[in-house]
Amino acid sequence: SLAVYVSCNDIASCGAEPVGLISTILLPAGTTEKELDTIMTQMSKAAAELNVEIIGGHTEITNAVNRVVVISTVLGKITRDKLVTTSGARPGDSIILTKWAGVEGTAIIAGEKESELVGQVGKETVEKAKELISSISVVKEGLIAAEFGASAMHDVTEGGVLGALWEMAHASDVGIVVYEHMVPIKVETLCIAKYFGIDPLKLISSGCMLIACKDGEGLVEKLESSGINAAIIGKVTEDKKCLLVTPD
């Protein structure tokens with residue numbers, strides 16, 4: 001399912017609607033038909049949730065890999081004048097983050113380290129963390145933000161929120177000031193990050209969309225009215241410096 005969600009997120013960060021997916025699945029020797037069926041079922045479910053058709057691809061068992069490898073290409077549609085890029089942020093724009101920093105990383109760690117974490121942060125926290133996997137898609141907010149008039153968008157992946165901020169600033173040739181206390185973070189993310197010594201702002205965060213918009217308050221209101229958590233976390237500046245302001 002991650003292969004579907006993350007690939008569609010790339011399309012959504014341009015303001016486009018994903019419509020079709022082509023997937024190549026490479027399986028290590030010894031993979032069973034049941035394991036492949038599980039993979040395809042998860043992908044089909046994710047595609048259905050996003051209203052995306054799996055229109056083709058290739059599947060094979062090969063000694064070239066020692067774990068499952070899924071390669072996905074997503075096709076989307078948008079009118080040329082509505083295209084939003086990472087490089088469109090302008091001085092004076094508000095910086096908005098949807099959902100919560102570290103969403104994907106929290107869910108992945110909770111799933112892979114469940115037995116260890118239960119004794120450290122509690123079963124309830126681990127279960128809530130695992131449930132965050134259902135928040136990985138940013139297709140809905142991408143389409144809403146593009147229609148509203150976002151200047152720039154960037155889905156937050158490797159490098160976390162801090163990495164995405166730097167990438168947007170660099171691509172747009174601007175500066176960005178962000179206030180750490182304004183960045184939304186789930187309690188379960190804070191607990192897990194603290195235990196493993198991880199900075200939640202550097203944790204992989206598919207499920208978050210970083211948006212630059214002139215009318216930040218208006219866009220936050222629009223997103224939240226659609227059931228999407230969003231917050232203004234900073235602003236775009238002219239000085240071409242990235243600054244994270246931390247509480248005293």
# chains A, B, ... in the order shown; residues from 1 in each chain; ligands from 1
>>> closest_atom_pairs(of="segment 177-219 of chain A", to="segment 155-158 of chain A", cutoff="9 Å", atoms="only C-alpha atoms", output="tab-separated table")
residue	atom	partner	partner_atom	distance
A:Lys202	CA	A:Glu158	CA	7.8
A:Leu203	CA	A:Glu158	CA	7.2
A:Ile204	CA	A:Glu158	CA	4.7
A:Ser205	CA	A:Thr157	CA	4.9
A:Ser206	CA	A:Thr157	CA	5.0
A:Gly207	CA	A:Val156	CA	7.3
A:Cys208	CA	A:Val156	CA	5.6
A:Met209	CA	A:Asp155	CA	4.6
A:Leu210	CA	A:Asp155	CA	6.0
A:Ile211	CA	A:Asp155	CA	8.7
>>> residues_around(residues="segment 143-150 of chain A", least_positions_apart="5", cutoff="12 Å", atoms="only C-alpha atoms", output="VMD selection string")
chain A and resid 8 to 18 76 to 79 81 to 90 93 to 98 137 to 138 209 to 228 230
>>> write_last_selection(atoms="C-alpha atoms", output="short mmCIF file (atom, residue, chain, number, x, y, z; two decimals), in the first residue's frame")
data_model
loop_
_atom_site.label_atom_id
_atom_site.label_comp_id
_atom_site.auth_asym_id
_atom_site.auth_seq_id
_atom_site.Cartn_x
_atom_site.Cartn_y
_atom_site.Cartn_z
CA CYS A 8 0.33 9.12 -5.77
CA ASN A 9 1.61 11.71 -3.28
CA ASP A 10 4.23 12.82 -5.80
CA ILE A 11 1.48 13.55 -8.31
CA ALA A 12 -0.70 15.27 -5.71
CA SER A 13 2.13 17.60 -4.70
CA CYS A 14 1.83 19.08 -8.19
CA GLY A 15 -1.89 19.63 -7.68
CA ALA A 16 -2.73 16.84 -10.11
CA GLU A 17 -5.27 14.07 -9.72
CA PRO A 18 -3.69 10.58 -9.95
CA GLY A 76 -2.10 12.05 -13.32
CA LYS A 77 -4.07 14.82 -14.96
CA ILE A 78 -4.11 18.59 -14.52
CA THR A 79 -4.54 21.62 -16.74
CA ASP A 81 -2.22 26.61 -15.84
CA LYS A 82 -3.06 24.84 -12.55
CA LEU A 83 0.30 23.07 -12.13
CA VAL A 84 1.94 23.69 -8.73
CA THR A 85 5.65 23.06 -8.15
CA THR A 86 8.09 23.07 -5.24
CA SER A 87 9.73 26.18 -6.69
CA GLY A 88 6.79 28.59 -6.48
CA ALA A 89 7.10 29.89 -2.90
CA ARG A 90 7.27 33.68 -2.68
CA ASP A 93 3.68 33.42 1.82
CA SER A 94 2.62 31.43 4.87
CA ILE A 95 4.13 27.96 5.31
CA ILE A 96 1.52 25.32 6.13
CA LEU A 97 2.00 21.72 7.25
CA THR A 98 -0.83 19.22 6.95
CA SER A 137 -1.96 9.83 1.49
CA VAL A 138 -1.81 13.58 0.72
CA MET A 209 2.18 18.16 2.78
CA LEU A 210 4.27 21.31 2.99
CA ILE A 211 2.42 24.19 1.34
CA ALA A 212 3.29 27.82 0.64
CA CYS A 213 0.25 30.04 0.21
CA LYS A 214 -0.44 33.77 0.24
CA ASP A 215 -3.67 33.33 2.21
CA GLY A 216 -2.44 30.80 4.75
CA GLU A 217 -5.28 31.28 7.21
CA GLY A 218 -7.85 30.81 4.48
CA LEU A 219 -6.24 27.60 3.27
CA VAL A 220 -5.96 26.17 6.81
CA GLU A 221 -9.66 26.87 7.32
CA LYS A 222 -10.47 25.20 3.99
CA LEU A 223 -8.39 22.12 4.80
CA GLU A 224 -9.79 21.72 8.30
CA SER A 225 -13.36 22.07 7.01
CA SER A 226 -12.52 19.07 4.82
CA GLY A 227 -11.33 17.05 7.83
CA ILE A 228 -7.58 17.58 7.30
CA ALA A 230 -3.33 21.76 9.13
#
>>> residues_around(residues="Leu162 of chain A", least_positions_apart="5", cutoff="10 Å", atoms="only C-alpha atoms", output="NGL selection string")
:A and (101 or 156 or 167 or 178 or 199-203 or 242-244)
>>> closest_residue(among="A:Glu188, A:Glu112, A:Glu180, A:Glu141", to="Val126 of chain A", atoms="only C-alpha atoms")
A:Glu188
>>> closest_residue(among="A:Ile136, A:Val52, A:Leu190, A:Ile176", to="Pro91 of chain A", atoms="only C-alpha atoms")
A:Ile176
>>> select_by_dssp(residues="segment 25-68 of chain A", states="alpha helix (DSSP H)", output="VMD selection string")
chain A and resid 33 to 49
>>> atom_distance(atom1="atom CA of Thr41 of chain A", atom2="atom CA of Lys128 of chain A")
23.4 Å
>>> select_by_dssp(residues="segment 135-168 of chain A", states="strand (DSSP E or B)", output="mmCIF file with all heavy atoms, in the first residue's frame")
data_model
loop_
_atom_site.group_PDB
_atom_site.id
_atom_site.type_symbol
_atom_site.label_atom_id
_atom_site.label_comp_id
_atom_site.auth_asym_id
_atom_site.auth_seq_id
_atom_site.Cartn_x
_atom_site.Cartn_y
_atom_site.Cartn_z
ATOM 1 N N ALA A 152 3.245 26.913 -3.793
ATOM 2 C CA ALA A 152 4.170 25.791 -3.906
ATOM 3 C C ALA A 152 3.709 24.670 -2.988
ATOM 4 O O ALA A 152 3.075 24.920 -1.958
ATOM 5 C CB ALA A 152 5.588 26.219 -3.541
ATOM 6 N N MET A 153 4.039 23.426 -3.367
ATOM 7 C CA MET A 153 3.743 22.275 -2.525
ATOM 8 C C MET A 153 4.886 21.282 -2.607
ATOM 9 O O MET A 153 5.569 21.171 -3.616
ATOM 10 C CB MET A 153 2.442 21.585 -2.949
ATOM 11 C CG MET A 153 1.191 22.385 -2.679
ATOM 12 S SD MET A 153 -0.316 21.399 -2.837
ATOM 13 C CE MET A 153 -0.390 21.183 -4.618
ATOM 14 N N HIS A 154 5.073 20.549 -1.502
ATOM 15 C CA HIS A 154 6.124 19.533 -1.466
ATOM 16 C C HIS A 154 5.716 18.470 -0.466
ATOM 17 O O HIS A 154 5.427 18.785 0.697
ATOM 18 C CB HIS A 154 7.450 20.174 -1.057
ATOM 19 C CG HIS A 154 8.640 19.282 -1.195
ATOM 20 N ND1 HIS A 154 8.870 18.505 -2.321
ATOM 21 C CD2 HIS A 154 9.674 19.013 -0.359
ATOM 22 C CE1 HIS A 154 9.996 17.818 -2.167
ATOM 23 N NE2 HIS A 154 10.488 18.114 -0.981
ATOM 24 N N ASP A 155 5.637 17.209 -0.892
ATOM 25 C CA ASP A 155 5.306 16.139 0.053
ATOM 26 C C ASP A 155 6.544 15.814 0.877
ATOM 27 O O ASP A 155 7.651 15.746 0.364
ATOM 28 C CB ASP A 155 4.759 14.902 -0.666
ATOM 29 C CG ASP A 155 5.720 14.323 -1.681
ATOM 30 O OD1 ASP A 155 6.321 15.113 -2.423
ATOM 31 O OD2 ASP A 155 5.862 13.095 -1.735
#
>>> atom_distance(atom1="atom CA of Ser151 of chain A", atom2="atom CA of Met182 of chain A")
20.8 Å
>>> atom_distance(atom1="atom CA of Trp166 of chain A", atom2="atom CA of Val139 of chain A")
22.1 Å
>>> residues_around(residues="Lys240 of chain A", least_positions_apart="2", cutoff="9 Å", atoms="only C-alpha atoms", output="ChimeraX atom specification")
/A:169-170,173-176,236-238,242
>>> write_last_selection(atoms="C-alpha atoms", output="PDB file, in the first residue's frame")
ATOM      1  CA  ALA A 169      13.514  27.161  -0.007  1.00  0.00           C
ATOM      2  CA  HIS A 170      16.334  26.038  -2.319  1.00  0.00           C
ATOM      3  CA  ASP A 173      15.364  30.680  -4.130  1.00  0.00           C
ATOM      4  CA  VAL A 174      13.852  32.136  -0.956  1.00  0.00           C
ATOM      5  CA  GLY A 175      14.289  31.905   2.799  1.00  0.00           C
ATOM      6  CA  ILE A 176      11.950  30.256   5.300  1.00  0.00           C
ATOM      7  CA  VAL A 236       8.653  32.698   3.445  1.00  0.00           C
ATOM      8  CA  THR A 237      11.291  35.441   3.522  1.00  0.00           C
ATOM      9  CA  GLU A 238      13.552  37.219   1.040  1.00  0.00           C
ATOM     10  CA  CYS A 242      16.331  28.673   6.516  1.00  0.00           C
TER      11      CYS A 242
END
